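One structure below.
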Amino acid sequence: MEQPLHLAAGLAILTIISTDFLLATIGAAPRVILSDRIARGVFALLRRLTRHRPARVLARISGVIVMCMVAAFWILGTALGWTLVFLSAPREAVVLTQSASEAGFWDAAAHAGHLLSTLGGAITRPGDTLWNAVESVAGVNGMVVLTLAVSFILSTVQTVQQGRSFAALLHSLPEGGDVTQLFDRLAEVVAGLNSAPFALYYSHGWPQRRLPEALVRMAREAMAQGPEAERRFWDLIMDLPQLDLPEGSAARFAALGDWAQRRRLGRLEA
């Protein structure tokens, strides 16, 4: 029996997940995607759990936790979408290989998992030629998700490393040193965070490696070195994900401090 509601729901889920996935991995659009809101929510929960205690250990794995939750959203969402598509025509889309009987929900879900992961070897098969063609699209979908996800994770890790090296270089400067010599590195870090915004959720156990806190220090140093250094600094960080800069130096510094605080896990020990 045809189930048009299953088909509509499945296609809607696939559209939402695919759009979010593409915007996150190749669209560099951190402000308009669901996965970014999921990442914020997970990190906010981690902050709540460590509000009044040191979080040195959790800081080392916070980014991994956030990325795993985002990946679960993409993978499970895609699998659910294809499962519902297959259940829209249970007698034609997926049947058991040996008995040719109609597949149930878990059979359809396992079938979708095998297609998306390109594992093969399932105990189910398409029921006719049309659904055989449709399921090849699911296989391509899985290949695209796996390929882009790996590339996105590598880009995120690279951005994390850039941010930590930038923080280390900044903290290696003497007090009152010329921070403008690091402006080129700052521009690269900001551009990287726009392409891989989830790198912001990778904290660190050492204060000298925490990028948000390093930016607060750099803002203070740039403001102390005159209006030209301060102007260049604010221009360079204007594109930081989830940071909206108001007018006025004091208001901007307060906004940056609040932005950095929201990315700090608990009472991180020095």
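Labels for the structure tokens follow display order: chains A, B, ..., residues from 1 in each chain, ligands from 1.
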Neighbour list for Ala39 (chain A) as an MDAnalysis selection string, cut-off 8 Å, only C-alpha atoms, skip fewer than 2 positions in-chain | chainID A and resid 35:37 41:43 66:67 69:70 198 201
Taking only C-alpha atoms into account, produce a table as JSON lines in which each residue of region 11-128 of chain A with an atom at most 10 Å from an atom of region 243-264 of chain A appears once, together with its shortest atom pair and the distance in Å to one decimal, ordered by chain and rising number.
{"residue": "A:Arg40", "atom": "CA", "partner": "A:Arg263", "partner_atom": "CA", "distance": 9.4}
{"residue": "A:Phe43", "atom": "CA", "partner": "A:Arg263", "partner_atom": "CA", "distance": 7.9}
{"residue": "A:Ala44", "atom": "CA", "partner": "A:Arg262", "partner_atom": "CA", "distance": 7.9}
{"residue": "A:Leu46", "atom": "CA", "partner": "A:Arg264", "partner_atom": "CA", "distance": 9.8}
{"residue": "A:Arg47", "atom": "CA", "partner": "A:Arg264", "partner_atom": "CA", "distance": 7.2}
{"residue": "A:Thr50", "atom": "CA", "partner": "A:Arg264", "partner_atom": "CA", "distance": 9.8}
{"residue": "A:Arg51", "atom": "CA", "partner": "A:Arg264", "partner_atom": "CA", "distance": 9.4}
{"residue": "A:Ala55", "atom": "CA", "partner": "A:Arg264", "partner_atom": "CA", "distance": 9.3}
{"residue": "A:Ala59", "atom": "CA", "partner": "A:Arg264", "partner_atom": "CA", "distance": 8.6}
Those residues with N, CA and C atoms, as an mmCIF file, in the first residue's frame please?
data_model
loop_
_atom_site.group_PDB
_atom_site.id
_atom_site.type_symbol
_atom_site.label_atom_id
_atom_site.label_comp_id
_atom_site.auth_asym_id
_atom_site.auth_seq_id
_atom_site.Cartn_x
_atom_site.Cartn_y
_atom_site.Cartn_z
ATOM 1 N N ARG A 40 25.756 24.635 19.381
ATOM 2 C CA ARG A 40 25.644 25.616 20.463
ATOM 3 C C ARG A 40 24.945 25.007 21.678
ATOM 4 N N PHE A 43 27.235 22.496 23.491
ATOM 5 C CA PHE A 43 28.291 23.176 24.227
ATOM 6 C C PHE A 43 27.720 23.933 25.430
ATOM 7 N N ALA A 44 26.530 24.503 25.267
ATOM 8 C CA ALA A 44 25.894 25.185 26.406
ATOM 9 C C ALA A 44 25.594 24.196 27.527
ATOM 10 N N LEU A 46 27.354 21.461 28.141
ATOM 11 C CA LEU A 46 28.654 21.169 28.754
ATOM 12 C C LEU A 46 29.066 22.299 29.694
ATOM 13 N N ARG A 47 28.801 23.531 29.300
ATOM 14 C CA ARG A 47 29.119 24.663 30.174
ATOM 15 C C ARG A 47 28.293 24.623 31.454
ATOM 16 N N THR A 50 29.610 22.178 33.951
ATOM 17 C CA THR A 50 30.913 22.506 34.549
ATOM 18 C C THR A 50 30.967 23.961 35.018
ATOM 19 N N ARG A 51 29.807 24.520 35.326
ATOM 20 C CA ARG A 51 29.759 25.946 35.640
ATOM 21 C C ARG A 51 30.620 26.313 36.844
ATOM 22 N N ALA A 55 37.337 22.269 34.452
ATOM 23 C CA ALA A 55 36.920 21.443 33.310
ATOM 24 C C ALA A 55 38.097 21.120 32.403
ATOM 25 N N ALA A 59 37.611 19.947 28.651
ATOM 26 C CA ALA A 59 38.057 20.900 27.632
ATOM 27 C C ALA A 59 38.801 20.202 26.505
#
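For the choices A:Ser151, A:Thr129, A:Thr15, A:Ser117, the atom-to-atom distance to Glu92 (chain A) is smallest for A:Thr129 when using only C-alpha atoms.
When DSSP is run on the backbone, the residues of region 63-200 of chain A that fall into strand (DSSP E or B) are A:Val95, A:Leu96, A:Glu102, A:Thr124, A:Arg125.
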Residue set, region 99-262 of chain A restricted to alpha helix (DSSP H), as an NGL selection string | :A and (105-117 or 129-172 or 183-195 or 211-224 or 227-237 or 249-261)
Go through A:Val189, A:Ala168, A:Ile38, A:Leu7 one by one, measure the shortest atom-to-atom distance of each to His204 (chain A) using only C-alpha atoms, and give the residue with the smallest value.
-> A:Ala168
Quick one: residues within 8 Å of region 8-10 of chain A, only C-alpha atoms, excluding same-chain residues fewer than 2 positions away - as a PDB file with N, CA, C and O atoms, in the first residue's frame?
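part.pdb was written with the following content:
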ATOM      1  N   PRO A   4       1.762   8.048   0.988  1.00  0.00           N
ATOM      2  CA  PRO A   4       2.267   9.351   0.531  1.00  0.00           C
ATOM      3  C   PRO A   4       2.812  10.216   1.658  1.00  0.00           C
ATOM      4  O   PRO A   4       3.728  11.016   1.443  1.00  0.00           O
ATOM      5  N   LEU A   5       2.268  10.065   2.877  1.00  0.00           N
ATOM      6  CA  LEU A   5       2.763  10.862   3.993  1.00  0.00           C
ATOM      7  C   LEU A   5       4.198  10.475   4.345  1.00  0.00           C
ATOM      8  O   LEU A   5       5.016  11.330   4.689  1.00  0.00           O
ATOM      9  N   HIS A   6       4.478   9.172   4.273  1.00  0.00           N
ATOM     10  CA  HIS A   6       5.842   8.724   4.508  1.00  0.00           C
ATOM     11  C   HIS A   6       6.792   9.327   3.470  1.00  0.00           C
ATOM     12  O   HIS A   6       7.902   9.767   3.806  1.00  0.00           O
ATOM     13  N   ALA A  12      11.079  15.653   2.864  1.00  0.00           N
ATOM     14  CA  ALA A  12      11.272  16.891   3.632  1.00  0.00           C
ATOM     15  C   ALA A  12      12.504  16.772   4.532  1.00  0.00           C
ATOM     16  O   ALA A  12      13.324  17.706   4.611  1.00  0.00           O
ATOM     17  N   ILE A  13      12.642  15.650   5.208  1.00  0.00           N
ATOM     18  CA  ILE A  13      13.801  15.447   6.091  1.00  0.00           C
ATOM     19  C   ILE A  13      15.093  15.444   5.281  1.00  0.00           C
ATOM     20  O   ILE A  13      16.089  16.076   5.672  1.00  0.00           O
ATOM     21  N   LEU A  14      15.085  14.758   4.143  1.00  0.00           N
ATOM     22  CA  LEU A  14      16.294  14.715   3.311  1.00  0.00           C
ATOM     23  C   LEU A  14      16.664  16.103   2.796  1.00  0.00           C
ATOM     24  O   LEU A  14      17.853  16.451   2.736  1.00  0.00           O
ATOM     25  N   LEU A  80      17.064   8.311   8.446  1.00  0.00           N
ATOM     26  CA  LEU A  80      15.622   8.352   8.708  1.00  0.00           C
ATOM     27  C   LEU A  80      14.852   8.813   7.477  1.00  0.00           C
ATOM     28  O   LEU A  80      13.789   8.259   7.156  1.00  0.00           O
ATOM     29  N   GLY A  81      15.393   9.822   6.785  1.00  0.00           N
ATOM     30  CA  GLY A  81      14.721  10.296   5.582  1.00  0.00           C
ATOM     31  C   GLY A  81      14.571   9.201   4.542  1.00  0.00           C
ATOM     32  O   GLY A  81      13.478   8.989   3.987  1.00  0.00           O
ATOM     33  N   TRP A  82      15.652   8.464   4.272  1.00  0.00           N
ATOM     34  CA  TRP A  82      15.574   7.389   3.280  1.00  0.00           C
ATOM     35  C   TRP A  82      14.711   6.231   3.776  1.00  0.00           C
ATOM     36  O   TRP A  82      14.003   5.583   2.988  1.00  0.00           O
ATOM     37  N   THR A  83      14.729   5.976   5.066  1.00  0.00           N
ATOM     38  CA  THR A  83      13.855   4.922   5.609  1.00  0.00           C
ATOM     39  C   THR A  83      12.391   5.237   5.346  1.00  0.00           C
ATOM     40  O   THR A  83      11.610   4.370   4.921  1.00  0.00           O
ATOM     41  N   LEU A  84      11.997   6.479   5.579  1.00  0.00           N
ATOM     42  CA  LEU A  84      10.607   6.874   5.330  1.00  0.00           C
ATOM     43  C   LEU A  84      10.270   6.824   3.842  1.00  0.00           C
ATOM     44  O   LEU A  84       9.151   6.457   3.465  1.00  0.00           O
ATOM     45  N   VAL A  85      11.234   7.186   2.997  1.00  0.00           N
ATOM     46  CA  VAL A  85      11.013   7.088   1.547  1.00  0.00           C
ATOM     47  C   VAL A  85      10.758   5.635   1.156  1.00  0.00           C
ATOM     48  O   VAL A  85       9.828   5.328   0.391  1.00  0.00           O
TER      49      VAL A  85
END
Could you give me, as a VMD selection string, the residues within 9 Å of Trp74 (chain A), counting only C-alpha atoms and dropping anything in the same chain fewer than 2 positions from it?
-> chain A and resid 17 to 18 20 to 21 35 69 to 72 76 to 79 145
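Among the candidates A:Ala149, A:Ala191, A:Leu45, A:Leu215, the one nearest to Ser62 (chain A) when counting only C-alpha atoms is A:Leu45.
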Between A:Pro212, A:Tyr202, A:Phe86, A:Thr180, single out the one closest to Gly226 (chain A), counting only C-alpha atoms.
-> A:Thr180
Considering only C-alpha atoms, return as a list in words whatever protein or nucleic-acid residues lie within 10 Å of Asp178 (chain A), sequence-local ones (same chain, fewer than 2 positions apart) excluded.
-> Leu170, Leu173, Pro174, Glu175, Gly176, Thr180, Gln181, Leu182, Met218, Glu221, Ala222, Gln225 and Ala229 of chain A
Create the file for the chosen residues now, containing N, CA, C and O atoms and written as a PDB file, in the first residue's frame.
ATOM      1  N   LEU A 170      50.731  34.563  20.303  1.00  0.00           N
ATOM      2  CA  LEU A 170      50.332  35.784  20.999  1.00  0.00           C
ATOM      3  C   LEU A 170      50.848  35.784  22.431  1.00  0.00           C
ATOM      4  O   LEU A 170      51.391  36.786  22.908  1.00  0.00           O
ATOM      5  N   LEU A 173      54.514  36.713  23.071  1.00  0.00           N
ATOM      6  CA  LEU A 173      54.950  38.105  22.994  1.00  0.00           C
ATOM      7  C   LEU A 173      55.116  38.678  24.396  1.00  0.00           C
ATOM      8  O   LEU A 173      54.348  38.340  25.307  1.00  0.00           O
ATOM      9  N   PRO A 174      56.062  39.556  24.577  1.00  0.00           N
ATOM     10  CA  PRO A 174      56.197  40.205  25.886  1.00  0.00           C
ATOM     11  C   PRO A 174      55.022  41.136  26.144  1.00  0.00           C
ATOM     12  O   PRO A 174      54.329  41.566  25.203  1.00  0.00           O
ATOM     13  N   GLU A 175      54.769  41.440  27.387  1.00  0.00           N
ATOM     14  CA  GLU A 175      53.679  42.343  27.746  1.00  0.00           C
ATOM     15  C   GLU A 175      53.906  43.698  27.075  1.00  0.00           C
ATOM     16  O   GLU A 175      54.974  44.297  27.170  1.00  0.00           O
ATOM     17  N   GLY A 176      52.880  44.151  26.351  1.00  0.00           N
ATOM     18  CA  GLY A 176      52.996  45.406  25.624  1.00  0.00           C
ATOM     19  C   GLY A 176      53.682  45.276  24.282  1.00  0.00           C
ATOM     20  O   GLY A 176      53.975  46.288  23.626  1.00  0.00           O
ATOM     21  N   THR A 180      50.443  43.875  16.145  1.00  0.00           N
ATOM     22  CA  THR A 180      50.083  44.041  14.736  1.00  0.00           C
ATOM     23  C   THR A 180      50.845  43.078  13.841  1.00  0.00           C
ATOM     24  O   THR A 180      50.400  42.793  12.732  1.00  0.00           O
ATOM     25  N   GLN A 181      51.987  42.579  14.315  1.00  0.00           N
ATOM     26  CA  GLN A 181      52.746  41.626  13.502  1.00  0.00           C
ATOM     27  C   GLN A 181      52.020  40.294  13.352  1.00  0.00           C
ATOM     28  O   GLN A 181      52.378  39.480  12.498  1.00  0.00           O
ATOM     29  N   LEU A 182      50.985  40.067  14.176  1.00  0.00           N
ATOM     30  CA  LEU A 182      50.194  38.841  14.082  1.00  0.00           C
ATOM     31  C   LEU A 182      48.865  39.041  13.362  1.00  0.00           C
ATOM     32  O   LEU A 182      48.041  38.134  13.331  1.00  0.00           O
ATOM     33  N   MET A 218      44.346  40.127  22.785  1.00  0.00           N
ATOM     34  CA  MET A 218      44.821  40.878  21.629  1.00  0.00           C
ATOM     35  C   MET A 218      44.049  42.179  21.475  1.00  0.00           C
ATOM     36  O   MET A 218      44.610  43.213  21.090  1.00  0.00           O
ATOM     37  N   GLU A 221      45.494  44.636  23.912  1.00  0.00           N
ATOM     38  CA  GLU A 221      46.801  45.119  23.473  1.00  0.00           C
ATOM     39  C   GLU A 221      46.668  46.081  22.286  1.00  0.00           C
ATOM     40  O   GLU A 221      47.355  47.109  22.212  1.00  0.00           O
ATOM     41  N   ALA A 222      45.782  45.744  21.346  1.00  0.00           N
ATOM     42  CA  ALA A 222      45.595  46.599  20.170  1.00  0.00           C
ATOM     43  C   ALA A 222      45.023  47.955  20.569  1.00  0.00           C
ATOM     44  O   ALA A 222      45.428  49.000  20.029  1.00  0.00           O
ATOM     45  N   GLN A 225      47.665  50.187  21.819  1.00  0.00           N
ATOM     46  CA  GLN A 225      48.689  50.604  20.858  1.00  0.00           C
ATOM     47  C   GLN A 225      48.217  51.681  19.890  1.00  0.00           C
ATOM     48  O   GLN A 225      48.905  51.986  18.921  1.00  0.00           O
ATOM     49  N   ALA A 229      45.850  50.602  15.195  1.00  0.00           N
ATOM     50  CA  ALA A 229      45.921  49.178  15.523  1.00  0.00           C
ATOM     51  C   ALA A 229      44.562  48.673  15.979  1.00  0.00           C
ATOM     52  O   ALA A 229      44.149  47.559  15.610  1.00  0.00           O
TER      53      ALA A 229
END
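If you look at CA of Glu188 (chain A) and CA of Leu236 (chain A), they are 9.5 Å away from each other.
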His171 (chain A) environment, 9 Å, only C-alpha atoms, sequence neighbours closer than 6 positions dropped, as a list in words |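 My list of contacting residues is Gln208, Arg209, Ala214 and Arg217 of chain A.
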Next, write the just-selected residues to a file, as a PDB file, in the first residue's frame, keeping all heavy atoms as the atom set.
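Dumped everything to out.pdb:
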ATOM      1  N   GLN A 208      47.016  29.269  27.615  1.00  0.00           N
ATOM      2  CA  GLN A 208      47.828  29.788  26.519  1.00  0.00           C
ATOM      3  C   GLN A 208      47.414  29.255  25.155  1.00  0.00           C
ATOM      4  O   GLN A 208      47.914  29.711  24.132  1.00  0.00           O
ATOM      5  CB  GLN A 208      49.303  29.454  26.754  1.00  0.00           C
ATOM      6  CG  GLN A 208      49.906  30.118  27.975  1.00  0.00           C
ATOM      7  CD  GLN A 208      49.616  29.344  29.257  1.00  0.00           C
ATOM      8  OE1 GLN A 208      48.920  28.326  29.238  1.00  0.00           O
ATOM      9  NE2 GLN A 208      50.150  29.831  30.371  1.00  0.00           N
ATOM     10  N   ARG A 209      46.511  28.265  25.135  1.00  0.00           N
ATOM     11  CA  ARG A 209      46.087  27.694  23.857  1.00  0.00           C
ATOM     12  C   ARG A 209      44.612  27.955  23.551  1.00  0.00           C
ATOM     13  O   ARG A 209      44.093  27.452  22.569  1.00  0.00           O
ATOM     14  CB  ARG A 209      46.332  26.172  23.857  1.00  0.00           C
ATOM     15  CG  ARG A 209      47.787  25.773  24.045  1.00  0.00           C
ATOM     16  CD  ARG A 209      48.660  26.254  22.903  1.00  0.00           C
ATOM     17  NE  ARG A 209      50.031  25.785  23.069  1.00  0.00           N
ATOM     18  CZ  ARG A 209      50.975  26.444  23.721  1.00  0.00           C
ATOM     19  NH1 ARG A 209      50.692  27.611  24.287  1.00  0.00           N
ATOM     20  NH2 ARG A 209      52.201  25.963  23.831  1.00  0.00           N
ATOM     21  N   ALA A 214      42.578  34.408  23.907  1.00  0.00           N
ATOM     22  CA  ALA A 214      43.685  35.086  23.232  1.00  0.00           C
ATOM     23  C   ALA A 214      43.179  36.313  22.473  1.00  0.00           C
ATOM     24  O   ALA A 214      43.852  37.354  22.434  1.00  0.00           O
ATOM     25  CB  ALA A 214      44.384  34.124  22.272  1.00  0.00           C
ATOM     26  N   ARG A 217      42.722  39.176  24.854  1.00  0.00           N
ATOM     27  CA  ARG A 217      44.015  39.798  25.169  1.00  0.00           C
ATOM     28  C   ARG A 217      44.506  40.643  24.003  1.00  0.00           C
ATOM     29  O   ARG A 217      45.012  41.763  24.210  1.00  0.00           O
ATOM     30  CB  ARG A 217      45.050  38.729  25.513  1.00  0.00           C
ATOM     31  CG  ARG A 217      46.429  39.332  25.712  1.00  0.00           C
ATOM     32  CD  ARG A 217      47.508  38.314  25.945  1.00  0.00           C
ATOM     33  NE  ARG A 217      48.819  38.957  25.870  1.00  0.00           N
ATOM     34  CZ  ARG A 217      49.966  38.330  26.077  1.00  0.00           C
ATOM     35  NH1 ARG A 217      49.993  37.054  26.397  1.00  0.00           N
ATOM     36  NH2 ARG A 217      51.117  38.981  25.982  1.00  0.00           N
TER      37      ARG A 217
END
If you count only C-alpha atoms, which residues fall within 8 Å of Leu148 (chain A), apart from same-chain ones fewer than 4 positions away, as a VMD selection string?
-> chain A and resid 25 144 152
Could you please take those selected residues and save N, CA, C and O atoms as a short mmCIF file (atom, residue, chain, number, x, y, z; two decimals), in the first residue's frame?
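Output file again39.cif follows:
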data_model
loop_
_atom_site.label_atom_id
_atom_site.label_comp_id
_atom_site.auth_asym_id
_atom_site.auth_seq_id
_atom_site.Cartn_x
_atom_site.Cartn_y
_atom_site.Cartn_z
N THR A 25 29.36 22.28 5.17
CA THR A 25 30.62 21.73 4.66
C THR A 25 31.23 22.54 3.54
O THR A 25 32.46 22.68 3.47
N VAL A 144 28.55 10.91 -1.02
CA VAL A 144 28.79 12.35 -0.92
C VAL A 144 28.92 12.78 0.54
O VAL A 144 29.82 13.54 0.91
N PHE A 152 35.42 17.92 5.77
CA PHE A 152 35.01 18.96 6.71
C PHE A 152 35.68 18.76 8.07
O PHE A 152 36.12 19.71 8.70
#
Nearest to Ser101 (chain A): which of A:Arg210, A:Arg125, A:Arg164, A:Arg60 is it, counting only C-alpha atoms?
->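 Going through A:Arg210, A:Arg125, A:Arg164, A:Arg60 one by one, the smallest distance to Ser101 (chain A) is for A:Arg125.
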Report the distance between CA of Ser172 (chain A) and CA of Ile153 (chain A) in Å, rounded to one decimal place.
->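 Result for CA of Ser172 (chain A) versus CA of Ile153 (chain A): 28.7 Å, one decimal.
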